[in-house]
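Participant: Structure in structure tokens, see below.
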Amino acid sequence: MAPGRCPPGIPSLRRGAPTPRRSPRAWLALAAVAAVAWPFLLPRTTHFYGALATVYALVALSLVVLSGWTGQISLGHAAFLGLGVYVGQRLLHAGVPLVVTLPAVALLGGAVSLVLGIPSLRLRGVYLTIVTLAFGAACERWLFALPAVRGYKSGIVPRATLLGFPTTTDRGLYLVGLAVLGLSLAAVHNLRRSDVGRAWFALRDSEDAAAALGIRVAPYKIGAFALSAALTTTAGVLYGMLFQATPGPSQFGVLESFFLLALPVVGGIGSVAGAVVGGALFATAQPVVNEFGVRLFLATGVMLAVVTLSRTDGVVGAVTRLVRAGRAAGGPAPAAYGSFAADVPTPDGASERPVIHVPHALPAGTRLRLRFAPGGGRR
Amino acid sequence: MTQFVNLTIAGLTIGAVYALVSLGVVVIYRISRVVNLAHGAMGIFTTFVFHYEFNQRLGWPVGVSFVATLAVGAVLGVVVERLFVGPVRPDGILTTLVMTVGVLLILTELTVQFWGPNQPVIASIFPDRTIRLAGTGVTVHQLGTIGCVALLGAGLYLLLNRTRYGRAIEAIAEDPGAARIVGLPVRLITTSVWAIGGATAALAGMLYIHLNTLEQISLTFVLISSLVAAVLGGFNSLLLAVVGSLAVGVAFSLAQGYVSTPGVGDLIVFGTLLAVLLAFRPDQAAALESVSEY
């Protein structure tokens with residue numbers, strides 16, 4: 001459904017004047033074409049960063065689900081990433097096709113996450129953070145240091161083909177990663193708009209209120225963590241294939257988990273777009289910070305602090321704010337807050353119905369919500 | 001048997017460092033409801049100041065550097081609270097955690113940026129001697145570490161339970177709004193508690209470093225064990241946190257001593273945490289609930 005086109009009788013919420021806009025679906029198609037086309041136009045050295053960006057975007061997406069939508073923080077996701085690398089390597093060496101390996105590894109990641117999630121998430125508070133920290137430490141120092149894990153086939157990860165599609169070049173791997181990322185984005189986006197997503201948002205905002213609505217809080221939190229872990233372990237398989245080697249344990253250590261948390265936070269933890277932006281940003285960050293002679297993790301820490309202090313939802317939040325401010329500045333003087341007024345007819349004549357005009361002068365951080373009856377408009 | 005005693009003593013020493021860190025974390029948590037993940041990084045940073053700046057560059061005697069480092073730790077605590085954590089605290093526990101992670105990364109990486117990635121041997125603040133005790137060797141450093149924790153624990157206990165300042169902290173921990181209404185300088189007291197926390201982090205850093213190879217991240221691993229110990233005490237009880245720390249330290253040391261696989265100690269810590277959490281009933285574990293009001 002195009003934005004602003006609601007069934008008659010239901011007011012649409014607009015800021016300032018209604019401007020005819022291209023539908024998001026058109027933008028989405030454009031973005032998809034660009035994502036597939038750019039590796040064929042740019043030199044081969046850039047393909048590596050593209051592939052890394054898909055891996056990072058998957059990890060960031062998993063953290064958007066967990067932190068942005070469910071309100072839990074995991075500091076053990078690097079361990080899940082490492083788990084994906086090591087298990088994926090074993091399966092691929094055993095001759096399991098990639099198309100089976102990816103979901104198998106995802107299932108394993110989800111299963112491991114239950115061991116952490118069930119004890120900690122049935123409780124309220126930051127217990128998950130502490131459990132995942134301890135998990136990350138145990139993985140870094142014990143599991144990933146085991147000779148059986150480290151030395152397997154001298155740590156080489158093969159670049160398997162996905163349904164006959166070769167990944168031996170970075171471009172091939174990027175396109176495979178893009179396919180996995182696209183599927184995950186679609187699945188997560190749909191989940192967000194389902195009852196599950198609404199339950200996550202409800203319990204993020206208030207566990208008491210969610211419980212009062214009859215939402216069983218713990219299973220939803222545990223489920224979000226399992227989904228998050230599954231996405232990250234899947235990303236681990238691609239990560240291993242990209243580097244074609246299992247890196248040292250400290251690469252999947254506690255410090256790396258802190259870095260991974262920064263991906264969605266800096267990109268924008270509230271939306272799937274933020275995950276993609278964060279992934280792309282940090283995949284290309286290393287050569288940029290090298291130019292300035294700053295360590296990547298130092299820059300990451302500074303960005304975390306700046307984003308947190310600025311109270312914007314990362315890059316995506318800042319851009320959205322700018323676009324809205326620009327739109328509000330361009331339009332006519334808005335009506336009073338909460339008033340109903342006739343909409344200006346749009347070319348397709350779809351808006352002869354009441355509209356709530358909201359002025360742009362609301363205090364910063366104000367959130368407006370409209371609740372529609374079931375069966376009403378989706379937006 | 002000798003090995004057992006030696007490992008237990010080593011475990012008690014490392015547990016004492018855990019206890020130091022968890023005391024700092026719990027005290028900060030109680031006043032400001034912030035789980036300070038940057039605590040270990042603060043300790044490492046100040047310890048590097050102690051070693052490279054005070055000991056080596058300025059050539060101060062160890063005792064003077066020690067006191068100066070505690071002051072640096074306190075100042076660092078104030079800086080972190082005032083500039084980073086304090087401003088975002090009203091935004092909720094999640095944002096605050098992210099901020100402490102940011103501070104952790106900044107401090108850890110600044111340590112590397114300033115003083116390089118090398119891992120120096122850092123002087124003990126105690127004389128480097130071994131005392132023979134019933135066939136086992138105990139270094140003065142080990143005894144001193146345990147002594148420091150006992151002193152600090154007792155001091156904090158008295159401070160919190162026997163002074164007006166402690167009662168003010170209790171009031172703020174219970175209800176910051178009400179504390180302000182009765183005229184307590186909430187902001188000042190909160191910051192001062194962070195200063196105490198920063199000083200204990202510096203102390204823990206200086207005591208820990210001499211026992212171990214100095215990696216920039218190592219004290220954050222200590223912090224993880226300390227957080228596990230603090231969970232034992234529901235993030236509330238100083239005594240339980242200390243007892244838990246000593247237990248975790250001894251378990252860590254025994255596991256590492258008897259099982260040759262590296263990292264078993266960390267596995268034990270993780271397993272302990274899972275067991276403790278499973279033993280909790282959800283309604284008992286309300287201590288870590290997010291507090292939305294200031």
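Here's how to read the names in the structure tokens: chain A, B, ... by the order shown, residue numbers from 1 in each chain, ligand numbers from 1 in the order shown.
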Do a neighbour search on segment 167-175 of chain B at 9 Å with only C-alpha atoms, toss out local chain neighbours closer than 2 positions, and write the hits as a list of chain:residue names.
Facilitator: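 Those residues are B:Tyr29, B:Arg30, B:Ile31, B:Ser32, B:Arg33, B:Leu159, B:Leu160, B:Asn161, B:Arg162, B:Thr163, B:Arg164, B:Tyr165, B:Gly177, B:Ala178, B:Ala179, B:Arg180, B:Leu184, B:Pro185, B:Val186, B:Ile189, B:Thr190, B:Val193, B:Glu293, B:Tyr294.
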Participant: Would you pick out the contacts of segment 165-168 of chain A at 12 Å or less, using only C-alpha atoms, so that residues sharing its chain but fewer than 3 positions from it are not included, and give the list as a ChimeraX atom specification?
Facilitator: /A:47-48,51,97-99,157-162,171-177,179,238,241-244
Participant: Within segment 125-280 of chain A, find each residue whose DSSP state, derived from the backbone, is helix (DSSP H, G or I), and express the selection as number ranges by chain.
Facilitator: A: 127-141, 143-145, 147-150, 152-155, 170-192, 195-205, 207-212, 217-243, 249-252, 254-267, 272-280
Participant: For chain A, work out the contacting residues on chain B at 6 Å, counting only C-alpha atoms, and write them as a JSON list (two decimals) with N, CA and C atoms, in the first residue's frame.
Facilitator:
[["chain", "number", "residue", "atom", "x", "y", "z"],
["B", 99, "MET", "N", 26.94, 2.91, 26.29],
["B", 99, "MET", "CA", 27.92, 3.95, 26.58],
["B", 99, "MET", "C", 29.13, 3.39, 27.32],
["B", 102, "GLY", "N", 31.32, 1.79, 24.96],
["B", 102, "GLY", "CA", 32.09, 2.78, 24.22],
["B", 102, "GLY", "C", 33.28, 3.27, 25.03],
["B", 105, "LEU", "N", 36.00, 0.64, 25.10],
["B", 105, "LEU", "CA", 36.80, 0.60, 23.87],
["B", 105, "LEU", "C", 37.76, 1.78, 23.82],
["B", 106, "ILE", "N", 37.27, 2.96, 24.16],
["B", 106, "ILE", "CA", 38.12, 4.15, 24.10],
["B", 106, "ILE", "C", 39.32, 3.99, 25.03],
["B", 109, "GLU", "N", 41.81, 1.17, 23.93],
["B", 109, "GLU", "CA", 42.58, 1.51, 22.74],
["B", 109, "GLU", "C", 43.50, 2.69, 22.99],
["B", 262, "PRO", "N", 44.16, -25.03, 28.34],
["B", 262, "PRO", "CA", 44.03, -23.61, 28.67],
["B", 262, "PRO", "C", 42.58, -23.16, 28.60],
["B", 263, "GLY", "N", 42.23, -22.23, 29.46],
["B", 263, "GLY", "CA", 40.91, -21.63, 29.39],
["B", 263, "GLY", "C", 39.83, -22.37, 30.15],
["B", 264, "VAL", "N", 40.20, -23.47, 30.85],
["B", 264, "VAL", "CA", 39.18, -24.21, 31.59],
["B", 264, "VAL", "C", 38.59, -23.32, 32.70],
["B", 266, "ASP", "N", 37.94, -20.20, 32.62],
["B", 266, "ASP", "CA", 36.88, -19.35, 32.08],
["B", 266, "ASP", "C", 35.61, -20.16, 31.84],
["B", 267, "LEU", "N", 35.81, -21.43, 31.43],
["B", 267, "LEU", "CA", 34.66, -22.30, 31.23],
["B", 267, "LEU", "C", 33.93, -22.53, 32.56],
["B", 270, "PHE", "N", 31.88, -19.52, 33.48],
["B", 270, "PHE", "CA", 30.66, -19.48, 32.68],
["B", 270, "PHE", "C", 29.64, -20.48, 33.22],
["B", 277, "LEU", "N", 22.22, -18.70, 37.88],
["B", 277, "LEU", "CA", 21.02, -18.10, 37.30],
["B", 277, "LEU", "C", 19.86, -19.09, 37.31],
["B", 278, "LEU", "N", 20.17, -20.37, 37.06],
["B", 278, "LEU", "CA", 19.11, -21.37, 37.07],
["B", 278, "LEU", "C", 18.54, -21.52, 38.48],
["B", 282, "PRO", "N", 12.68, -16.07, 39.32],
["B", 282, "PRO", "CA", 12.58, -14.77, 38.66],
["B", 282, "PRO", "C", 12.23, -13.63, 39.61],
["B", 288, "LEU", "N", 18.39, -6.33, 39.49],
["B", 288, "LEU", "CA", 19.00, -5.69, 38.33],
["B", 288, "LEU", "C", 17.98, -5.02, 37.42],
["B", 289, "GLU", "N", 16.77, -4.92, 37.92],
["B", 289, "GLU", "CA", 15.73, -4.31, 37.11],
["B", 289, "GLU", "C", 16.14, -2.91, 36.68]]
Participant: I'd like to know which of B:Met206, B:Val182, B:Ala154, B:Leu223 is closest to Leu239 of chain B, using only C-alpha atoms.
Facilitator: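 Closest residue, counting only C-alpha atoms: B:Ala154.
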Participant: Can you list, as a list of chain:residue names, every residue of segment 69-163 of chain B that DSSP puts in strand (DSSP E)?
Facilitator: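 The residues of segment 69-163 of chain B classed as strand (DSSP E) are B:Thr130, B:Ile131, B:Arg132, B:Leu133, B:Thr136, B:Gly137, B:Val138, B:Thr139.
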Participant: For the selection you just gave me, I'd like the residues written to a file as a JSON list (two decimals), in the first residue's frame, keeping N, CA and C atoms.
Facilitator:
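So out_27.json came out as:
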[["chain", "number", "residue", "atom", "x", "y", "z"],
["B", 130, "THR", "N", 59.26, -13.82, 49.44],
["B", 130, "THR", "CA", 58.41, -14.97, 49.66],
["B", 130, "THR", "C", 58.50, -15.38, 51.12],
["B", 131, "ILE", "N", 57.39, -15.66, 51.73],
["B", 131, "ILE", "CA", 57.36, -16.09, 53.12],
["B", 131, "ILE", "C", 57.07, -17.58, 53.15],
["B", 132, "ARG", "N", 57.87, -18.32, 53.89],
["B", 132, "ARG", "CA", 57.62, -19.77, 54.01],
["B", 132, "ARG", "C", 56.57, -19.99, 55.08],
["B", 133, "LEU", "N", 55.55, -20.72, 54.73],
["B", 133, "LEU", "CA", 54.47, -20.94, 55.68],
["B", 133, "LEU", "C", 54.06, -22.40, 55.59],
["B", 136, "THR", "N", 54.75, -24.13, 52.27],
["B", 136, "THR", "CA", 54.30, -23.50, 51.04],
["B", 136, "THR", "C", 54.84, -22.09, 50.98],
["B", 137, "GLY", "N", 55.03, -21.60, 49.77],
["B", 137, "GLY", "CA", 55.53, -20.25, 49.62],
["B", 137, "GLY", "C", 54.39, -19.28, 49.36],
["B", 138, "VAL", "N", 54.39, -18.21, 50.12],
["B", 138, "VAL", "CA", 53.41, -17.17, 49.88],
["B", 138, "VAL", "C", 54.18, -15.89, 49.63],
["B", 139, "THR", "N", 53.94, -15.23, 48.52],
["B", 139, "THR", "CA", 54.66, -13.99, 48.30],
["B", 139, "THR", "C", 54.00, -12.87, 49.09]]
Participant: Nearest residue to Ile217 of chain B out of A:Leu58, A:Val180, A:Ala187, A:Gly253, using only C-alpha atoms?
Facilitator: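 Among A:Leu58, A:Val180, A:Ala187, A:Gly253, it is A:Gly253 that comes nearest to Ile217 of chain B.
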Participant: Which value, in Å to one decimal, gives the distance between atom CA of Leu203 of chain B and atom CA of Leu219 of chain B?
Facilitator: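 Computing the Euclidean distance for atom CA of Leu203 of chain B and atom CA of Leu219 of chain B yields 11.7 Å.
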Participant: Quick one, how far is atom CA of Gly244 of chain B from atom CA of Leu12 of chain B?
Facilitator: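 Rounded to one decimal, the two atoms are 11.1 Å apart.
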